[in-house]
file my_file_4.pdb (PDB, C-alpha atoms)
MODEL        1
ATOM      1  CA  MET A   1      39.297  -4.240 -50.480
ATOM      2  CA  THR A   2      38.781  -7.879 -49.509
ATOM      3  CA  PRO A   3      37.029 -10.461 -51.689
ATOM      4  CA  THR A   4      33.843 -10.058 -49.641
ATOM      5  CA  ASP A   5      33.648  -6.285 -50.023
ATOM      6  CA  TYR A   6      30.771  -5.056 -52.162
ATOM      7  CA  ALA A   7      30.499  -1.961 -54.299
ATOM      8  CA  GLY A   8      27.216  -0.435 -53.171
ATOM      9  CA  PRO A   9      25.229   2.408 -54.739
ATOM     10  CA  ALA A  10      27.306   5.090 -56.437
ATOM     11  CA  GLY A  11      30.271   2.706 -56.426
ATOM     12  CA  ARG A  12      30.996   3.219 -52.734
ATOM     13  CA  PHE A  13      32.491   0.126 -51.183
ATOM     14  CA  MET A  14      30.770  -1.566 -48.275
ATOM     15  CA  PRO A  15      32.574  -3.705 -45.713
ATOM     16  CA  PRO A  16      31.732  -7.426 -45.586
ATOM     17  CA  PRO A  17      28.962  -8.485 -43.183
ATOM     18  CA  HIS A  18      31.282  -9.625 -40.383
ATOM     19  CA  GLU A  19      32.794  -6.125 -40.331
ATOM     20  CA  ALA A  20      29.594  -4.146 -40.904
ATOM     21  CA  ALA A  21      26.895  -2.590 -38.735
ATOM     22  CA  LEU A  22      23.575  -1.748 -40.394
ATOM     23  CA  LEU A  23      21.918   1.402 -39.012
ATOM     24  CA  LEU A  24      18.583   2.063 -40.691
ATOM     25  CA  ASP A  25      16.045   4.867 -40.624
ATOM     26  CA  PHE A  26      12.379   3.794 -40.487
ATOM     27  CA  ASP A  27       9.860   6.194 -42.096
ATOM     28  CA  GLY A  28      10.569   6.803 -45.771
ATOM     29  CA  THR A  29      13.394   4.245 -45.715
ATOM     30  CA  LEU A  30      12.259   0.852 -44.443
ATOM     31  CA  VAL A  31       8.595   1.749 -44.926
ATOM     32  CA  ASP A  32       6.784   4.107 -47.282
ATOM     33  CA  ILE A  33       5.640   7.488 -46.018
ATOM     34  CA  ALA A  34       1.962   7.360 -45.038
ATOM     35  CA  PRO A  35      -0.664  10.105 -44.543
ATOM     36  CA  THR A  36      -0.251   9.787 -40.758
ATOM     37  CA  PRO A  37       2.518   8.220 -38.629
ATOM     38  CA  ASP A  38       0.110   5.573 -37.330
ATOM     39  CA  SER A  39      -0.960   4.430 -40.782
ATOM     40  CA  VAL A  40       2.409   3.199 -42.090
ATOM     41  CA  VAL A  41       2.476  -0.404 -43.258
ATOM     42  CA  VAL A  42       5.370  -2.829 -42.771
ATOM     43  CA  PRO A  43       5.562  -4.624 -46.141
ATOM     44  CA  PRO A  44       5.305  -8.418 -46.241
ATOM     45  CA  GLY A  45       8.690 -10.086 -46.000
ATOM     46  CA  LEU A  46      10.549  -7.086 -44.594
ATOM     47  CA  LEU A  47      10.866  -8.496 -41.076
ATOM     48  CA  ASP A  48      12.291 -11.752 -42.411
ATOM     49  CA  VAL A  49      14.852  -9.857 -44.491
ATOM     50  CA  LEU A  50      15.885  -7.792 -41.475
ATOM     51  CA  ARG A  51      16.247 -10.938 -39.352
ATOM     52  CA  GLN A  52      18.498 -12.472 -42.011
ATOM     53  CA  LEU A  53      20.618  -9.321 -42.170
ATOM     54  CA  ARG A  54      20.876  -9.132 -38.385
ATOM     55  CA  ALA A  55      22.151 -12.720 -38.280
ATOM     56  CA  LYS A  56      24.529 -12.017 -41.154
ATOM     57  CA  CYS A  57      25.993  -9.007 -39.294
ATOM     58  CA  GLY A  58      26.354 -10.772 -35.960
ATOM     59  CA  ASP A  59      23.371  -8.907 -34.460
ATOM     60  CA  ALA A  60      24.778  -5.492 -35.446
ATOM     61  CA  LEU A  61      21.507  -4.110 -36.859
ATOM     62  CA  ALA A  62      19.778  -1.071 -35.402
ATOM     63  CA  VAL A  63      16.976   1.303 -36.303
ATOM     64  CA  ILE A  64      17.581   5.030 -35.792
ATOM     65  CA  SER A  65      14.349   6.996 -36.044
ATOM     66  CA  GLY A  66      12.671  10.231 -35.167
ATOM     67  CA  ARG A  67       9.923   8.133 -33.604
ATOM     68  CA  ALA A  68       9.847   7.064 -29.983
ATOM     69  CA  VAL A  69      11.418   3.695 -29.209
ATOM     70  CA  ASP A  70       8.087   2.104 -28.309
ATOM     71  CA  GLN A  71       6.670   3.043 -31.712
ATOM     72  CA  ILE A  72       9.511   1.198 -33.461
ATOM     73  CA  ASP A  73       8.836  -1.776 -31.182
ATOM     74  CA  HIS A  74       5.188  -1.665 -32.244
ATOM     75  CA  PHE A  75       6.047  -1.969 -35.932
ATOM     76  CA  LEU A  76       9.220  -4.086 -35.863
ATOM     77  CA  GLY A  77       9.005  -6.016 -32.601
ATOM     78  CA  ASP A  78      12.280  -7.555 -31.498
ATOM     79  CA  VAL A  79      13.828  -7.610 -34.980
ATOM     80  CA  PRO A  80      16.400  -4.785 -34.477
ATOM     81  CA  PHE A  81      19.090  -5.528 -31.885
ATOM     82  CA  ALA A  82      19.166  -1.858 -30.862
ATOM     83  CA  VAL A  83      16.881   1.133 -31.347
ATOM     84  CA  ALA A  84      17.603   4.846 -31.148
ATOM     85  CA  GLY A  85      14.468   6.984 -30.971
ATOM     86  CA  GLU A  86      13.667  10.691 -31.129
ATOM     87  CA  HIS A  87      16.712  11.354 -33.324
ATOM     88  CA  GLY A  88      19.051   9.879 -30.714
ATOM     89  CA  ILE A  89      17.558  11.385 -27.569
ATOM     90  CA  ALA A  90      16.555   7.881 -26.407
ATOM     91  CA  VAL A  91      18.789   4.846 -27.064
ATOM     92  CA  ARG A  92      18.269   1.194 -26.196
ATOM     93  CA  HIS A  93      21.562  -0.562 -26.847
ATOM     94  CA  ARG A  94      20.354  -4.154 -26.641
ATOM     95  CA  PRO A  95      17.122  -6.179 -26.564
ATOM     96  CA  ASP A  96      15.281  -5.816 -23.256
ATOM     97  CA  GLY A  97      17.910  -3.304 -22.123
ATOM     98  CA  PRO A  98      17.124   0.049 -20.514
ATOM     99  CA  ILE A  99      16.315   3.094 -22.602
ATOM    100  CA  VAL A 100      19.060   5.634 -21.947
ATOM    101  CA  ARG A 101      17.911   9.218 -22.366
ATOM    102  CA  ALA A 102      20.114  12.215 -23.030
ATOM    103  CA  ASP A 103      19.996  14.845 -20.303
ATOM    104  CA  LEU A 104      18.124  17.572 -22.144
ATOM    105  CA  PRO A 105      15.552  20.232 -21.231
ATOM    106  CA  HIS A 106      11.861  19.502 -21.705
ATOM    107  CA  VAL A 107       9.824  21.661 -24.022
ATOM    108  CA  PRO A 108       7.749  24.272 -22.131
ATOM    109  CA  SER A 109       4.120  23.211 -21.723
ATOM    110  CA  THR A 110       2.964  26.639 -22.911
ATOM    111  CA  TRP A 111       4.421  25.911 -26.353
ATOM    112  CA  LEU A 112       2.508  22.664 -26.626
ATOM    113  CA  GLN A 113      -0.707  24.355 -25.510
ATOM    114  CA  ALA A 114      -0.241  27.036 -28.170
ATOM    115  CA  ALA A 115       0.459  24.370 -30.786
ATOM    116  CA  GLU A 116      -2.709  22.475 -29.881
ATOM    117  CA  THR A 117      -4.736  25.677 -30.143
ATOM    118  CA  LEU A 118      -3.209  26.352 -33.558
ATOM    119  CA  ALA A 119      -3.951  22.814 -34.746
ATOM    120  CA  ALA A 120      -7.566  23.092 -33.590
ATOM    121  CA  ALA A 121      -7.966  26.197 -35.739
ATOM    122  CA  HIS A 122      -6.517  24.507 -38.843
ATOM    123  CA  PRO A 123      -8.078  21.121 -39.684
ATOM    124  CA  GLY A 124      -5.483  18.692 -41.010
ATOM    125  CA  VAL A 125      -2.672  19.899 -38.748
ATOM    126  CA  ARG A 126      -1.601  17.161 -36.353
ATOM    127  CA  ILE A 127       0.520  17.416 -33.207
ATOM    128  CA  GLU A 128       2.800  14.522 -32.302
ATOM    129  CA  THR A 129       4.143  14.815 -28.763
ATOM    130  CA  LYS A 130       7.470  13.419 -27.630
ATOM    131  CA  ILE A 131       9.233  13.346 -24.280
ATOM    132  CA  ALA A 132      11.530  16.246 -25.108
ATOM    133  CA  GLY A 133       9.587  18.045 -27.826
ATOM    134  CA  PHE A 134       6.780  17.821 -30.353
ATOM    135  CA  VAL A 135       6.119  17.757 -34.085
ATOM    136  CA  LEU A 136       3.770  19.891 -36.189
ATOM    137  CA  HIS A 137       2.557  17.670 -39.051
ATOM    138  CA  TYR A 138       0.946  19.454 -41.986
ATOM    139  CA  ARG A 139       0.793  16.741 -44.662
ATOM    140  CA  ALA A 140      -3.015  17.009 -44.645
ATOM    141  CA  ALA A 141      -2.884  20.823 -44.639
ATOM    142  CA  PRO A 142       0.137  21.860 -46.751
ATOM    143  CA  GLU A 143      -1.067  25.469 -46.984
ATOM    144  CA  THR A 144      -0.243  25.896 -43.279
ATOM    145  CA  ALA A 145       3.512  25.187 -43.658
ATOM    146  CA  ASP A 146       4.648  28.815 -43.408
ATOM    147  CA  LEU A 147       2.173  29.663 -40.674
ATOM    148  CA  LEU A 148       3.366  26.755 -38.533
ATOM    149  CA  ARG A 149       7.012  27.598 -39.139
ATOM    150  CA  GLU A 150       6.453  31.206 -38.039
ATOM    151  CA  ALA A 151       4.680  30.041 -34.898
ATOM    152  CA  ALA A 152       7.453  27.575 -34.090
ATOM    153  CA  GLU A 153      10.082  30.269 -34.570
ATOM    154  CA  SER A 154       8.226  32.566 -32.157
ATOM    155  CA  TRP A 155       8.317  29.855 -29.476
ATOM    156  CA  VAL A 156      11.906  28.775 -29.999
ATOM    157  CA  ALA A 157      13.570  32.194 -30.411
ATOM    158  CA  PRO A 158      13.495  33.153 -26.695
ATOM    159  CA  SER A 159      15.131  29.841 -25.685
ATOM    160  CA  ASN A 160      18.593  31.195 -26.607
ATOM    161  CA  GLY A 161      19.522  28.098 -28.567
ATOM    162  CA  ALA A 162      18.260  25.498 -26.097
ATOM    163  CA  PHE A 163      15.688  24.377 -28.687
ATOM    164  CA  HIS A 164      15.642  24.433 -32.461
ATOM    165  CA  ILE A 165      13.274  23.671 -35.349
ATOM    166  CA  GLN A 166      14.096  20.565 -37.367
ATOM    167  CA  ALA A 167      12.611  20.385 -40.853
ATOM    168  CA  ALA A 168      11.160  17.010 -41.800
ATOM    169  CA  LYS A 169       8.872  15.742 -44.559
ATOM    170  CA  MET A 170       5.720  17.856 -44.310
ATOM    171  CA  ALA A 171       6.476  18.598 -40.669
ATOM    172  CA  TRP A 172       8.344  20.904 -38.293
ATOM    173  CA  GLU A 173       9.834  19.359 -35.189
ATOM    174  CA  ILE A 174      10.661  21.417 -32.099
ATOM    175  CA  ARG A 175      13.398  19.642 -30.171
ATOM    176  CA  PRO A 176      16.327  20.301 -27.825
ATOM    177  CA  HIS A 177      19.577  21.354 -29.431
ATOM    178  CA  GLY A 178      22.635  19.111 -29.236
ATOM    179  CA  VAL A 179      21.421  15.610 -30.086
ATOM    180  CA  ASP A 180      20.804  14.244 -33.581
ATOM    181  CA  LYS A 181      21.092  11.026 -35.580
ATOM    182  CA  GLY A 182      24.844  11.478 -35.815
ATOM    183  CA  HIS A 183      24.909  11.371 -32.020
ATOM    184  CA  ALA A 184      22.850   8.166 -32.170
ATOM    185  CA  VAL A 185      25.300   6.548 -34.592
ATOM    186  CA  ALA A 186      28.238   7.440 -32.341
ATOM    187  CA  GLU A 187      26.439   6.132 -29.236
ATOM    188  CA  LEU A 188      25.499   2.793 -30.792
ATOM    189  CA  MET A 189      28.948   2.211 -32.263
ATOM    190  CA  GLN A 190      30.536   2.306 -28.801
ATOM    191  CA  SER A 191      28.857  -0.885 -27.556
ATOM    192  CA  PRO A 192      28.842  -4.545 -28.672
ATOM    193  CA  PRO A 193      27.939  -5.908 -31.148
ATOM    194  CA  PHE A 194      28.482  -2.636 -33.052
ATOM    195  CA  ALA A 195      31.855  -1.643 -31.570
ATOM    196  CA  GLY A 196      34.783  -2.216 -33.909
ATOM    197  CA  ARG A 197      32.613  -2.475 -37.005
ATOM    198  CA  HIS A 198      32.081  -0.088 -39.924
ATOM    199  CA  PRO A 199      28.659   1.619 -39.798
ATOM    200  CA  ILE A 200      26.409   1.591 -42.856
ATOM    201  CA  PHE A 201      23.708   4.219 -42.309
ATOM    202  CA  ILE A 202      20.728   4.652 -44.649
ATOM    203  CA  GLY A 203      18.012   7.312 -44.426
ATOM    204  CA  ASP A 204      15.810   9.504 -46.569
ATOM    205  CA  ASP A 205      15.480  12.921 -44.957
ATOM    206  CA  VAL A 206      17.543  15.975 -44.068
ATOM    207  CA  THR A 207      17.532  14.680 -40.481
ATOM    208  CA  ASP A 208      19.493  11.649 -41.708
ATOM    209  CA  GLU A 209      22.420  13.658 -43.074
ATOM    210  CA  ASP A 210      23.926  13.846 -39.569
ATOM    211  CA  GLY A 211      23.888  10.055 -39.404
ATOM    212  CA  ILE A 212      25.428   9.754 -42.852
ATOM    213  CA  ARG A 213      28.258  12.124 -41.931
ATOM    214  CA  GLN A 214      28.950  10.326 -38.659
ATOM    215  CA  ALA A 215      29.001   6.921 -40.363
ATOM    216  CA  ALA A 216      31.615   8.205 -42.805
ATOM    217  CA  ALA A 217      33.641   9.729 -39.962
ATOM    218  CA  LEU A 218      33.739   6.317 -38.257
ATOM    219  CA  GLY A 219      35.079   4.577 -41.343
ATOM    220  CA  GLY A 220      31.735   3.509 -42.755
ATOM    221  CA  VAL A 221      29.392   4.746 -45.448
ATOM    222  CA  GLY A 222      25.995   6.405 -45.724
ATOM    223  CA  PHE A 223      23.274   6.321 -48.353
ATOM    224  CA  ARG A 224      20.144   8.405 -48.803
ATOM    225  CA  ILE A 225      16.842   8.010 -50.596
ATOM    226  CA  PRO A 226      16.284   9.287 -53.319
ATOM    227  CA  ARG A 227      19.934  10.148 -53.971
ATOM    228  CA  ASP A 228      21.131   6.536 -53.918
ATOM    229  CA  PHE A 229      17.840   4.620 -54.182
ATOM    230  CA  PRO A 230      14.783   5.993 -56.001
ATOM    231  CA  ASP A 231      12.326   5.049 -53.263
ATOM    232  CA  PRO A 232      11.846   2.787 -50.210
ATOM    233  CA  ALA A 233      10.687  -0.112 -52.403
ATOM    234  CA  ALA A 234      13.988  -0.063 -54.289
ATOM    235  CA  PHE A 235      15.872   0.108 -51.006
ATOM    236  CA  ARG A 236      13.951  -2.862 -49.600
ATOM    237  CA  ALA A 237      14.737  -4.832 -52.753
ATOM    238  CA  TRP A 238      18.414  -4.007 -52.255
ATOM    239  CA  LEU A 239      18.255  -5.212 -48.644
ATOM    240  CA  ALA A 240      16.663  -8.464 -49.805
ATOM    241  CA  THR A 241      19.529  -8.926 -52.239
ATOM    242  CA  LEU A 242      22.105  -8.289 -49.510
ATOM    243  CA  ALA A 243      20.434 -10.888 -47.292
ATOM    244  CA  LYS A 244      21.021 -13.674 -49.792
ATOM    245  CA  GLY A 245      24.123 -15.844 -49.821
ATOM    246  CA  GLY A 246      26.422 -17.014 -47.060
ATOM    247  CA  ASN A 247      27.314 -15.255 -43.814
ATOM    248  CA  ASP A 248      30.683 -13.991 -45.054
ATOM    249  CA  SER A 249      29.470 -12.027 -48.057
ATOM    250  CA  TRP A 250      26.569  -9.955 -49.273
ATOM    251  CA  GLY A 251      24.188 -11.751 -51.596
ATOM    252  CA  VAL A 252      25.311 -10.182 -54.851
TER     253      VAL A 252
ENDMDL
END
call {"tool": "encode", "arguments": {"input": "my_file_4.pdb", "output": "structure tokens"}}
result
Amino acid sequence: MTPTDYAGPAGRFMPPPHEAALLLDFDGTLVDIAPTPDSVVVPPGLLDVLRQLRAKCGDALAVISGRAVDQIDHFLGDVPFAVAGEHGIAVRHRPDGPIVRADLPHVPSTWLQAAETLAAAHPGVRIETKIAGFVLHYRAAPETADLLREAAESWVAPSNGAFHIQAAKMAWEIRPHGVDKGHAVAELMQSPPFAGRHPIFIGDDVTDEDGIRQAAALGGVGFRIPRDFPDPAAFRAWLATLAKGGNDSWGV
């Protein structure tokens, strides 16, 4: 441990800023969960904190989300240096760079049509479409959770493993098999300014465990809400604390 190392949550040591790469989930981590994906609010001051942390880490700050890249751009603008969307299916390694998509099968249109029919019959169910899949949101209709899961299983089962169902917070996501947030961490860490640094990944959902494991495998560390922080507000306060101080140490 060097003098600039910092003992983070649960006593796990974090590398100093000049050796660190911050890889952050969005929903439920940087921002509070909202009734619908479109209604999340970016808290005042968060963008400034992220800009400070990006500068402190030599630009090595990325957002890894289940959302599409353009949705992260809508909420955060040009603040992250890199963005991985759709759980790593789409990765933009640098500002204004191309979005590189994994070569994966597209979800059959018949599944999406069936999902839309199901949603129409159950008010409160919302369908979020993505390039390579879609999400069944049931936050506004929690009684439909089992029904939606059974329907999703009936669509996915004949695909012989090409697609799988990913559990999320009050949602089921149907997506191609083989790419996850761990894949996104590995992809980002291969290119400057992330290459050669120790990844620090933070998320809040079961989908983030792959990113946490990959960060540890690459010599970094991972944290999860609520295991290491009680809620997104506490995590944001922690980020604000890290942003303080000089460029060679965390503000603690």
call {"tool": "resolve_selection", "arguments": {"input": "my_file_4.pdb", "expression": "the PyMOL selection byres ((chain A and resi 112-125) around 6)", "output": "MDAnalysis selection string"}}
result
chainID A and resid 109:111 126 137:138 140:141
call {"tool": "write_last_selection", "arguments": {"input": "my_file_4.pdb", "atoms": "C-alpha atoms", "output": "compact mmCIF listing (two decimals), in the coordinates of the input"}}
result
# COMPACT_ATOMS: atom_id res chain seq x y z
CA SER A 109 4.12 23.21 -21.72
CA THR A 110 2.96 26.64 -22.91
CA TRP A 111 4.42 25.91 -26.35
CA ARG A 126 -1.60 17.16 -36.35
CA HIS A 137 2.56 17.67 -39.05
CA TYR A 138 0.95 19.45 -41.99
CA ALA A 140 -3.02 17.01 -44.64
CA ALA A 141 -2.88 20.82 -44.64
call {"tool": "resolve_selection", "arguments": {"input": "my_file_4.pdb", "expression": "the PyMOL selection byres ((chain A and resi 132) around 9)", "output": "compact mmCIF listing (two decimals) with C-alpha atoms, keeping the file's coordinate frame"}}
result
# COMPACT_ATOMS: atom_id res chain seq x y z
CA GLU A 86 13.67 10.69 -31.13
CA ILE A 89 17.56 11.38 -27.57
CA LEU A 104 18.12 17.57 -22.14
CA PRO A 105 15.55 20.23 -21.23
CA HIS A 106 11.86 19.50 -21.70
CA VAL A 107 9.82 21.66 -24.02
CA THR A 129 4.14 14.82 -28.76
CA LYS A 130 7.47 13.42 -27.63
CA ILE A 131 9.23 13.35 -24.28
CA GLY A 133 9.59 18.05 -27.83
CA PHE A 134 6.78 17.82 -30.35
CA ILE A 174 10.66 21.42 -32.10
CA ARG A 175 13.40 19.64 -30.17
CA PRO A 176 16.33 20.30 -27.82
call {"tool": "resolve_selection", "arguments": {"input": "my_file_4.pdb", "expression": "the PyMOL selection byres ((chain A and resi 9) around 10)", "output": "PyMOL selection string"}}
result
chain A and resi 6-8+10-14+222-224+227-229+238
call {"tool": "atom_distance", "arguments": {"input": "my_file_4.pdb", "atom1": "atom CA of A:Gly203", "atom2": "atom CA of A:Ala233"}}
result
13.1 Å
call {"tool": "closest_residue", "arguments": {"input": "my_file_4.pdb", "among": "A:Cys57, A:Val135, A:Ala68, A:Val31", "to": "A:Ala84", "atoms": "all atoms listed in the file"}}
result
A:Ala68
call {"tool": "closest_residue", "arguments": {"input": "my_file_4.pdb", "among": "A:Pro199, A:Pro16, A:Gly251, A:Gly28", "to": "A:Phe235", "atoms": "only C-alpha atoms"}}
result
A:Gly28
call {"tool": "atom_distance", "arguments": {"input": "my_file_4.pdb", "atom1": "atom CA of A:Glu153", "atom2": "atom CA of A:Ala34"}}
result
26.5 Å
call {"tool": "atom_distance", "arguments": {"input": "my_file_4.pdb", "atom1": "atom CA of A:Asp32", "atom2": "atom CA of A:Asp208"}}
result
15.8 Å
call {"tool": "closest_residue", "arguments": {"input": "my_file_4.pdb", "among": "A:Pro80, A:Val206, A:Pro35, A:Phe26", "to": "A:Leu47", "atoms": "all atoms listed in the file"}}
result
A:Pro80
call {"tool": "residues_around", "arguments": {"input": "my_file_4.pdb", "residues": "A:Gly58", "least_positions_apart": "2", "cutoff": "12 Å", "atoms": "only C-alpha atoms", "output": "ChimeraX atom specification"}}
result
/A:16-22,51-56,60-62,80-81,192-195,197,247-248
call {"tool": "write_last_selection", "arguments": {"input": "my_file_4.pdb", "atoms": "C-alpha atoms", "output": "mmCIF file, in the coordinates of the input"}}
result
data_model
loop_
_atom_site.group_PDB
_atom_site.id
_atom_site.type_symbol
_atom_site.label_atom_id
_atom_site.label_comp_id
_atom_site.auth_asym_id
_atom_site.auth_seq_id
_atom_site.Cartn_x
_atom_site.Cartn_y
_atom_site.Cartn_z
ATOM 1 C CA PRO A 16 31.732 -7.426 -45.586
ATOM 2 C CA PRO A 17 28.962 -8.485 -43.183
ATOM 3 C CA HIS A 18 31.282 -9.625 -40.383
ATOM 4 C CA GLU A 19 32.794 -6.125 -40.331
ATOM 5 C CA ALA A 20 29.594 -4.146 -40.904
ATOM 6 C CA ALA A 21 26.895 -2.590 -38.735
ATOM 7 C CA LEU A 22 23.575 -1.748 -40.394
ATOM 8 C CA ARG A 51 16.247 -10.938 -39.352
ATOM 9 C CA GLN A 52 18.498 -12.472 -42.011
ATOM 10 C CA LEU A 53 20.618 -9.321 -42.170
ATOM 11 C CA ARG A 54 20.876 -9.132 -38.385
ATOM 12 C CA ALA A 55 22.151 -12.720 -38.280
ATOM 13 C CA LYS A 56 24.529 -12.017 -41.154
ATOM 14 C CA ALA A 60 24.778 -5.492 -35.446
ATOM 15 C CA LEU A 61 21.507 -4.110 -36.859
ATOM 16 C CA ALA A 62 19.778 -1.071 -35.402
ATOM 17 C CA PRO A 80 16.400 -4.785 -34.477
ATOM 18 C CA PHE A 81 19.090 -5.528 -31.885
ATOM 19 C CA PRO A 192 28.842 -4.545 -28.672
ATOM 20 C CA PRO A 193 27.939 -5.908 -31.148
ATOM 21 C CA PHE A 194 28.482 -2.636 -33.052
ATOM 22 C CA ALA A 195 31.855 -1.643 -31.570
ATOM 23 C CA ARG A 197 32.613 -2.475 -37.005
ATOM 24 C CA ASN A 247 27.314 -15.255 -43.814
ATOM 25 C CA ASP A 248 30.683 -13.991 -45.054
#
call {"tool": "closest_residue", "arguments": {"input": "my_file_4.pdb", "among": "A:Asp59, A:Pro37, A:Ala102, A:Ile64", "to": "A:Phe201", "atoms": "all atoms listed in the file"}}
result
A:Ile64
